[in-house]
>>> print(open('data-v5.cif').read())   # mmCIF, C-alpha atoms
data_my_file
loop_
_atom_site.label_atom_id
_atom_site.label_comp_id
_atom_site.auth_asym_id
_atom_site.auth_seq_id
_atom_site.Cartn_x
_atom_site.Cartn_y
_atom_site.Cartn_z
CA MET A 1 6.73 44.95 7.24
CA PRO A 2 9.37 42.19 7.29
CA SER A 3 12.94 43.31 7.81
CA SER A 4 15.82 42.29 5.58
CA ARG A 5 17.03 40.06 8.41
CA ASP A 6 13.73 38.14 8.33
CA ASP A 7 14.00 37.79 4.55
CA CYS A 8 17.50 36.40 4.92
CA VAL A 9 16.40 33.86 7.52
CA ARG A 10 13.45 32.87 5.35
CA ARG A 11 15.73 32.42 2.33
CA VAL A 12 18.14 30.24 4.29
CA LEU A 13 15.25 28.13 5.60
CA ASP A 14 13.85 27.75 2.09
CA ILE A 15 17.21 26.61 0.74
CA PHE A 16 17.59 24.20 3.65
CA GLU A 17 14.12 22.77 3.00
CA VAL A 18 14.79 22.28 -0.70
CA TRP A 19 18.11 20.53 -0.10
CA ASN A 20 16.79 18.52 2.80
CA ARG A 21 14.08 17.24 0.49
CA ARG A 22 16.52 16.55 -2.32
CA LEU A 23 18.93 14.69 -0.06
CA HIS A 24 15.99 12.67 1.25
CA PHE A 25 15.30 11.51 -2.32
CA TYR A 26 18.89 11.09 -3.38
CA ILE A 27 20.14 9.18 -0.34
CA GLY A 28 17.00 7.04 -0.28
CA LEU A 29 17.38 6.12 -3.96
CA TYR A 30 21.12 5.50 -3.68
CA LEU A 31 20.70 3.15 -0.71
CA LEU A 32 17.52 1.48 -1.97
CA PHE A 33 19.05 -1.89 -2.87
CA PHE A 34 21.14 -2.00 0.30
CA LEU A 35 18.02 -1.26 2.33
CA TRP A 36 16.08 -4.06 0.64
CA LEU A 37 18.92 -6.50 1.21
CA PHE A 38 19.18 -5.77 4.93
CA ALA A 39 15.41 -5.69 5.38
CA PHE A 40 14.92 -9.01 3.60
CA THR A 41 17.81 -10.77 5.32
CA GLY A 42 16.58 -9.45 8.66
CA LEU A 43 13.25 -11.17 8.02
CA LEU A 44 15.02 -14.38 7.01
CA LEU A 45 17.07 -14.33 10.22
CA ASN A 46 13.98 -13.85 12.36
CA HIS A 47 12.00 -16.55 10.55
CA PRO A 48 14.27 -19.59 10.18
CA GLY A 49 11.16 -21.72 9.57
CA TRP A 50 10.43 -20.18 6.18
CA THR A 51 10.91 -23.18 3.95
CA PHE A 52 11.72 -21.34 0.73
CA ALA A 53 14.90 -20.00 2.34
CA GLU A 54 16.17 -23.30 3.73
CA PHE A 55 19.51 -24.24 2.26
CA TRP A 56 20.10 -27.54 4.05
CA PRO A 57 17.76 -29.78 2.00
CA THR A 58 19.11 -28.43 -1.29
CA ARG A 59 22.78 -28.21 -0.36
CA LYS A 60 25.47 -29.64 -2.62
CA GLN A 61 28.29 -31.26 -0.76
CA THR A 62 31.69 -32.13 -2.12
CA ALA A 63 34.44 -34.11 -0.46
CA PHE A 64 37.82 -34.97 -1.88
CA GLU A 65 41.20 -36.19 -0.77
CA ARG A 66 44.42 -34.61 -1.86
CA ALA A 67 48.02 -35.20 -0.95
CA ILE A 68 49.63 -32.32 0.89
CA THR A 69 53.10 -31.08 1.57
CA PRO A 70 53.39 -30.79 5.35
CA PRO A 71 54.17 -27.20 6.26
CA PRO A 72 57.25 -26.45 8.33
CA VAL A 73 56.68 -26.74 12.04
CA GLY A 74 56.70 -23.36 13.69
CA PRO A 75 55.58 -21.77 16.91
CA ASP A 76 52.60 -20.07 15.33
CA LEU A 77 51.33 -22.71 12.95
CA ALA A 78 47.70 -23.02 14.02
CA GLY A 79 46.68 -24.62 10.76
CA ARG A 80 47.11 -21.42 8.81
CA GLU A 81 49.17 -22.93 6.03
CA TYR A 82 46.96 -25.94 5.39
CA PRO A 83 44.48 -24.33 3.02
CA GLU A 84 47.32 -23.24 0.73
CA ALA A 85 48.95 -26.67 1.04
CA ILE A 86 45.91 -28.35 -0.50
CA GLY A 87 45.43 -25.65 -3.07
CA VAL A 88 42.50 -23.89 -1.45
CA GLU A 89 42.52 -20.16 -1.49
CA ARG A 90 42.24 -18.69 1.96
CA ARG A 91 40.28 -15.51 2.53
CA ASN A 92 40.69 -13.42 5.63
CA MET B 1 -8.52 10.29 -8.15
CA GLN B 2 -4.80 10.26 -8.83
CA ARG B 3 -4.29 13.29 -6.61
CA GLY B 4 -6.18 11.55 -3.82
CA PHE B 5 -3.97 8.48 -4.15
CA TYR B 6 -0.89 10.68 -4.08
CA LEU B 7 -2.01 12.48 -0.92
CA VAL B 8 -2.94 9.28 0.89
CA THR B 9 0.38 7.66 -0.08
CA ARG B 10 2.29 10.73 1.04
CA ASP B 11 0.56 10.75 4.42
CA LEU B 12 1.07 7.01 4.94
CA HIS B 13 4.72 7.39 3.93
CA LEU B 14 5.13 10.14 6.53
CA TYR B 15 3.28 8.41 9.36
CA ALA B 16 4.90 5.03 8.76
CA GLY B 17 8.28 6.73 8.78
CA LEU B 18 7.54 8.50 12.05
CA PHE B 19 6.31 5.25 13.61
CA ILE B 20 9.39 3.23 12.80
CA SER B 21 11.93 5.99 13.41
CA PRO B 22 12.72 5.02 17.05
CA PHE B 23 13.17 1.39 16.02
CA LEU B 24 15.40 2.43 13.15
CA VAL B 25 17.52 4.43 15.60
CA VAL B 26 17.94 1.31 17.77
CA PHE B 27 18.92 -0.83 14.77
CA ALA B 28 21.18 1.87 13.30
CA VAL B 29 23.05 2.67 16.52
CA SER B 30 23.44 -0.95 17.58
CA VAL B 31 24.86 -1.95 14.21
CA PHE B 32 27.88 0.25 14.93
CA VAL B 33 28.53 -1.73 18.12
CA LEU B 34 28.08 -4.98 16.20
CA VAL B 35 30.40 -4.00 13.36
CA HIS B 36 32.93 -2.22 15.58
CA PRO B 37 32.75 -4.12 18.87
CA PRO B 38 34.47 -2.35 21.71
CA GLY B 39 37.07 -4.49 23.47
CA SER B 40 35.04 -4.93 26.61
CA LEU B 41 31.65 -6.02 25.28
CA PRO B 42 29.70 -7.03 27.29
CA SER B 43 30.71 -4.05 29.33
CA PRO B 44 32.29 -4.58 32.72
CA SER B 45 29.28 -5.18 34.81
CA ALA B 46 28.14 -4.75 38.32
CA GLU B 47 27.59 -8.25 39.70
CA ARG B 48 24.40 -8.23 41.67
CA THR B 49 24.36 -9.90 45.06
CA ALA B 50 23.07 -13.44 44.92
CA ARG B 51 19.83 -13.99 46.79
CA PRO B 52 18.22 -17.27 47.83
CA VAL B 53 14.62 -18.35 47.38
CA GLN B 54 13.20 -21.15 49.52
CA ASN B 55 10.20 -23.50 49.51
CA LEU B 56 9.62 -23.61 45.79
CA GLU B 57 6.92 -25.88 44.47
CA ILE B 58 8.86 -27.75 41.85
CA PRO B 59 6.79 -29.77 39.35
CA ALA B 60 7.56 -33.48 39.46
CA GLY B 61 9.89 -34.68 36.72
CA LEU B 62 11.02 -31.18 35.79
CA GLU B 63 14.51 -32.43 35.01
CA ASN B 64 13.12 -34.95 32.51
CA LEU B 65 11.29 -32.32 30.48
CA SER B 66 12.93 -30.70 27.51
CA GLY B 67 12.48 -27.81 25.13
CA ARG B 68 9.40 -25.67 25.45
CA ALA B 69 7.80 -27.94 28.05
CA ARG B 70 10.70 -27.35 30.42
CA ILE B 71 10.54 -23.59 29.83
CA ASP B 72 6.79 -23.58 30.57
CA ALA B 73 7.36 -25.58 33.76
CA VAL B 74 10.12 -23.28 35.00
CA ARG B 75 8.27 -20.05 34.28
CA PRO B 76 5.97 -20.15 37.37
CA LEU B 77 9.02 -20.67 39.59
CA LEU B 78 10.66 -17.60 38.11
CA ASP B 79 7.49 -15.56 38.53
CA ARG B 80 7.30 -16.55 42.17
CA ALA B 81 10.92 -15.53 42.66
CA GLY B 82 10.34 -12.22 40.90
CA VAL B 83 12.66 -13.00 38.00
CA HIS B 84 11.43 -11.81 34.62
CA GLY B 85 12.94 -12.13 31.19
CA GLU B 86 13.62 -14.39 28.26
CA ILE B 87 14.67 -17.89 29.36
CA GLY B 88 17.65 -19.27 27.47
CA SER B 89 18.92 -22.80 27.14
CA ILE B 90 18.45 -24.55 30.51
CA ARG B 91 21.31 -26.75 31.68
CA TYR B 92 20.69 -29.81 33.85
CA ILE B 93 23.50 -30.95 36.13
CA PRO B 94 22.54 -34.57 37.05
CA LYS B 95 25.27 -35.11 39.66
CA GLU B 96 24.05 -32.19 41.74
CA HIS B 97 20.40 -32.61 40.74
CA ARG B 98 20.36 -28.97 39.80
CA LEU B 99 19.06 -26.84 36.94
CA SER B 100 20.84 -23.72 35.77
CA VAL B 101 18.34 -21.37 34.14
CA PRO B 102 19.70 -18.32 32.29
CA VAL B 103 17.22 -15.45 32.11
CA GLY B 104 17.93 -12.45 29.95
CA VAL B 105 16.57 -8.95 29.75
CA PRO B 106 18.35 -6.55 27.39
CA GLY B 107 21.14 -5.15 29.53
CA ARG B 108 20.82 -7.67 32.34
CA GLU B 109 21.70 -11.35 32.72
CA THR B 110 20.28 -13.42 35.56
CA THR B 111 21.03 -17.01 36.50
CA PHE B 112 18.37 -18.92 38.39
CA ASP B 113 20.19 -21.83 39.98
CA LEU B 114 17.53 -24.33 40.99
CA ASP B 115 18.34 -27.03 43.55
CA LEU B 116 15.74 -29.74 42.93
CA ASP B 117 16.46 -31.66 46.15
CA ARG B 118 16.26 -28.69 48.51
CA ARG B 119 13.46 -26.99 46.55
CA SER B 120 15.40 -23.76 46.65
CA ALA B 121 17.13 -21.50 44.19
CA THR B 122 19.92 -18.96 44.13
CA ILE B 123 19.46 -15.93 41.94
CA SER B 124 22.55 -14.13 40.71
CA GLY B 125 23.11 -11.74 37.87
CA ARG B 126 24.90 -8.81 36.37
CA GLU B 127 24.24 -5.67 34.42
CA THR B 128 25.71 -5.75 30.90
CA GLY B 129 25.15 -2.13 29.94
CA ILE B 130 23.25 -0.12 27.36
CA TRP B 131 25.36 -1.16 24.38
CA ASP B 132 24.91 -4.82 25.06
CA ALA B 133 21.19 -4.17 25.50
CA LEU B 134 21.03 -2.53 22.06
CA VAL B 135 22.97 -5.39 20.49
CA GLN B 136 20.62 -7.91 22.07
CA LEU B 137 17.61 -6.06 20.72
CA HIS B 138 19.24 -5.88 17.31
CA LYS B 139 19.82 -9.64 17.21
CA SER B 140 16.46 -10.64 18.67
CA PRO B 141 14.73 -12.89 17.92
CA GLY B 142 17.37 -14.21 15.49
CA PRO B 143 17.68 -17.70 14.07
CA HIS B 144 18.86 -19.65 17.13
CA LEU B 145 16.94 -21.71 19.71
CA ALA B 146 13.83 -21.50 17.56
CA GLU B 147 11.99 -24.06 19.70
CA ILE B 148 12.27 -22.24 23.01
CA ARG B 149 12.79 -18.57 22.22
CA MET B 150 10.15 -15.87 22.51
CA ASN B 151 9.00 -17.27 25.83
CA TRP B 152 8.78 -13.82 27.43
CA ILE B 153 5.87 -11.57 26.48
CA ALA B 154 8.04 -8.47 26.04
CA MET B 155 10.32 -10.33 23.63
CA ARG B 156 7.30 -11.56 21.69
CA ALA B 157 6.16 -7.96 21.39
CA TRP B 158 9.64 -6.98 20.22
CA ARG B 159 9.54 -9.67 17.53
CA TRP B 160 6.27 -8.27 16.20
CA LEU B 161 7.63 -4.74 16.25
CA ALA B 162 10.92 -5.77 14.60
CA ASP B 163 8.95 -7.48 11.83
CA ALA B 164 6.62 -4.49 11.55
CA THR B 165 9.66 -2.24 11.20
CA VAL B 166 10.87 -4.24 8.21
CA TYR B 167 7.46 -4.40 6.53
CA LEU B 168 6.89 -0.70 7.03
CA LEU B 169 10.40 0.02 5.77
CA LEU B 170 9.61 -1.89 2.59
CA PHE B 171 6.35 0.03 2.27
CA ILE B 172 8.17 3.32 2.79
CA SER B 173 10.74 2.50 0.12
CA VAL B 174 8.08 1.51 -2.43
CA SER B 175 5.85 4.48 -1.64
CA GLY B 176 8.93 6.72 -1.71
CA ILE B 177 9.70 5.56 -5.24
CA TYR B 178 6.14 6.40 -6.26
CA LEU B 179 6.33 9.84 -4.64
CA TRP B 180 9.63 10.49 -6.38
CA THR B 181 8.31 9.52 -9.83
CA VAL B 182 5.52 12.05 -9.44
CA LEU B 183 8.07 14.85 -9.04
CA ARG B 184 9.17 15.42 -12.61
CA LEU B 185 11.88 17.91 -11.69
CA GLU B 186 13.77 15.33 -9.64
CA ARG B 187 13.59 12.47 -12.13
CA ARG B 188 16.94 12.91 -13.83
CA ALA B 189 18.98 13.38 -10.65
CA GLY B 190 17.01 10.62 -8.93
CA MET B 191 17.65 8.20 -11.78
CA ALA B 192 21.35 9.00 -11.55
CA MET B 193 21.37 8.26 -7.81
CA LEU B 194 19.36 5.07 -8.31
CA ALA B 195 21.75 3.92 -11.03
CA ALA B 196 24.78 4.79 -8.86
CA GLY B 197 23.27 2.86 -5.98
CA ALA B 198 22.54 -0.14 -8.20
CA VAL B 199 26.08 -0.17 -9.57
CA SER B 200 27.53 0.08 -6.04
CA PHE B 201 25.25 -2.62 -4.71
CA PHE B 202 25.63 -5.17 -7.48
CA GLY B 203 29.33 -4.36 -7.74
CA ILE B 204 30.01 -5.11 -4.10
CA VAL B 205 27.79 -8.20 -4.17
CA TYR B 206 29.65 -9.48 -7.24
CA ALA B 207 32.99 -8.75 -5.59
CA LEU B 208 31.96 -10.62 -2.45
CA VAL B 209 30.29 -13.59 -4.12
CA ALA B 210 32.48 -14.15 -7.16
CA GLY B 211 35.70 -12.44 -6.15
#
>>> encode(input="data-v5.cif", output="structure tokens")
Amino acid sequence: MPSSRDDCVRRVLDIFEVWNRRLHFYIGLYLLFFLWLFAFTGLLLNHPGWTFAEFWPTRKQTAFERAITPPPVGPDLAGREYPEAIGVERRN
Amino acid sequence: MQRGFYLVTRDLHLYAGLFISPFLVVFAVSVFVLVHPPGSLPSPSAERTARPVQNLEIPAGLENLSGRARIDAVRPLLDRAGVHGEIGSIRYIPKEHRLSVPVGVPGRETTFDLDLDRRSATISGRETGIWDALVQLHKSPGPHLAEIRMNWIAMRAWRWLADATVYLLLFISVSGIYLWTVLRLERRAGMAMLAAGAVSFFGIVYALVAG
């Protein structure tokens, strides 16, 4: 005859199994689109010859000239101010 | 019929998941090193003592070859010297009439310095550590050096397994959706999680692309 201790252990294991199963569903469904993105881009990275994913032949290039205000000379210039000087937003 | 399909799908879902789990662990652990690189990657390594190899039978005109042909010509020399691994971009130094051949194995970098005049080579290398090995596996084969890469049989096998991991992962996700839809009790909560995931995903993509 099972003891109350065995019943308790069984109950805990049952609860764990139910929640383990639920979390398996929930986390899988929540991350589904992220998973597909990383899986698909992983394939694209490993197969650069796949023509449908080539961007170079269908690229759109733009070039323009614009007058700029030279930024003040400083010790740590390193071209950081130039994007703002020509009106291009810089993202870090 | 439908029950049979369910059982087969469930078993395939389980077995495919078990098969790819070690590969997923490699990709999952290495991504942390990629996203949060430690300061000293590749890890401080033990330089291995350089050793010479003499009397190599160097194919005529080796220095004039390029791309895959050069890799194929160098491979027997490496085999004879006991150097194994994926050959990288070979550098020819005309003034010294020398070829520098980088050979990589996850966690180990070897340079096979081939002196074409003396028909000898110097082999040097270093250990780069387990984390660098995982990162290399994560990034292999990758988009670079498409003409010459996968010239080592183990790396070719890894490419197949990396691809298989992705295809099986896609199968697992689709079969998982099917298995979830069969469970009526979990539909409402599952739909909520799916919707939350979709909002998070498309939200962050929109923020990154259009923001």
>>> interface_residues(input="data-v5.cif", of="chain B", to="chain A", cutoff="6 Å", atoms="only C-alpha atoms", output="JSON, numbers by chain")
{"B": [141, 142, 143, 166, 190, 193, 194, 197]}
>>> atom_distance(input="data-v5.cif", atom1="atom CA of Asp79 of chain B", atom2="atom CA of Asn151 of chain B")
12.9 Å
>>> atom_distance(input="data-v5.cif", atom1="atom CA of Val31 of chain B", atom2="atom CA of Leu161 of chain B")
17.6 Å
>>> atom_distance(input="data-v5.cif", atom1="atom CA of Phe55 of chain A", atom2="atom CA of Arg156 of chain B")
26.2 Å
>>> axis_aligned_box(input="data-v5.cif", around="segment 96-105 of chain B", padding_each_side="3 Å", output="AutoDock Vina command-line options")
--center_x 20.3 --center_y -20.8 --center_z 35.7 --size_x 13.5 --size_y 29.7 --size_z 18.0
>>> resolve_selection(input="data-v5.cif", expression="the PyMOL selection byres ((chain B and resi 87) around 6)", output="list in words")
Glu86, Gly88, Pro102 and Val103 of chain B
>>> resolve_selection(input="data-v5.cif", expression="the PyMOL selection byres ((chain B and resi 46-50) around 7)", output="VMD selection string")
chain B and resid 44 to 45 51 to 52 122 to 127
>>> resolve_selection(input="data-v5.cif", expression="the PyMOL selection byres ((chain B and resi 139) around 12)", output="mmCIF file with C-alpha atoms, in the frame of the given file")
data_model
loop_
_atom_site.group_PDB
_atom_site.id
_atom_site.type_symbol
_atom_site.label_atom_id
_atom_site.label_comp_id
_atom_site.auth_asym_id
_atom_site.auth_seq_id
_atom_site.Cartn_x
_atom_site.Cartn_y
_atom_site.Cartn_z
ATOM 1 C CA GLY A 42 16.580 -9.450 8.660
ATOM 2 C CA LEU A 43 13.250 -11.170 8.020
ATOM 3 C CA LEU A 45 17.070 -14.330 10.220
ATOM 4 C CA ASN A 46 13.980 -13.850 12.360
ATOM 5 C CA VAL B 26 17.940 1.310 17.770
ATOM 6 C CA PHE B 27 18.920 -0.830 14.770
ATOM 7 C CA SER B 30 23.440 -0.950 17.580
ATOM 8 C CA VAL B 31 24.860 -1.950 14.210
ATOM 9 C CA VAL B 33 28.530 -1.730 18.120
ATOM 10 C CA LEU B 34 28.080 -4.980 16.200
ATOM 11 C CA PRO B 106 18.350 -6.550 27.390
ATOM 12 C CA ASP B 132 24.910 -4.820 25.060
ATOM 13 C CA ALA B 133 21.190 -4.170 25.500
ATOM 14 C CA LEU B 134 21.030 -2.530 22.060
ATOM 15 C CA VAL B 135 22.970 -5.390 20.490
ATOM 16 C CA GLN B 136 20.620 -7.910 22.070
ATOM 17 C CA LEU B 137 17.610 -6.060 20.720
ATOM 18 C CA HIS B 138 19.240 -5.880 17.310
ATOM 19 C CA SER B 140 16.460 -10.640 18.670
ATOM 20 C CA PRO B 141 14.730 -12.890 17.920
ATOM 21 C CA GLY B 142 17.370 -14.210 15.490
ATOM 22 C CA PRO B 143 17.680 -17.700 14.070
ATOM 23 C CA HIS B 144 18.860 -19.650 17.130
ATOM 24 C CA MET B 155 10.320 -10.330 23.630
ATOM 25 C CA TRP B 158 9.640 -6.980 20.220
ATOM 26 C CA ARG B 159 9.540 -9.670 17.530
ATOM 27 C CA ALA B 162 10.920 -5.770 14.600
#
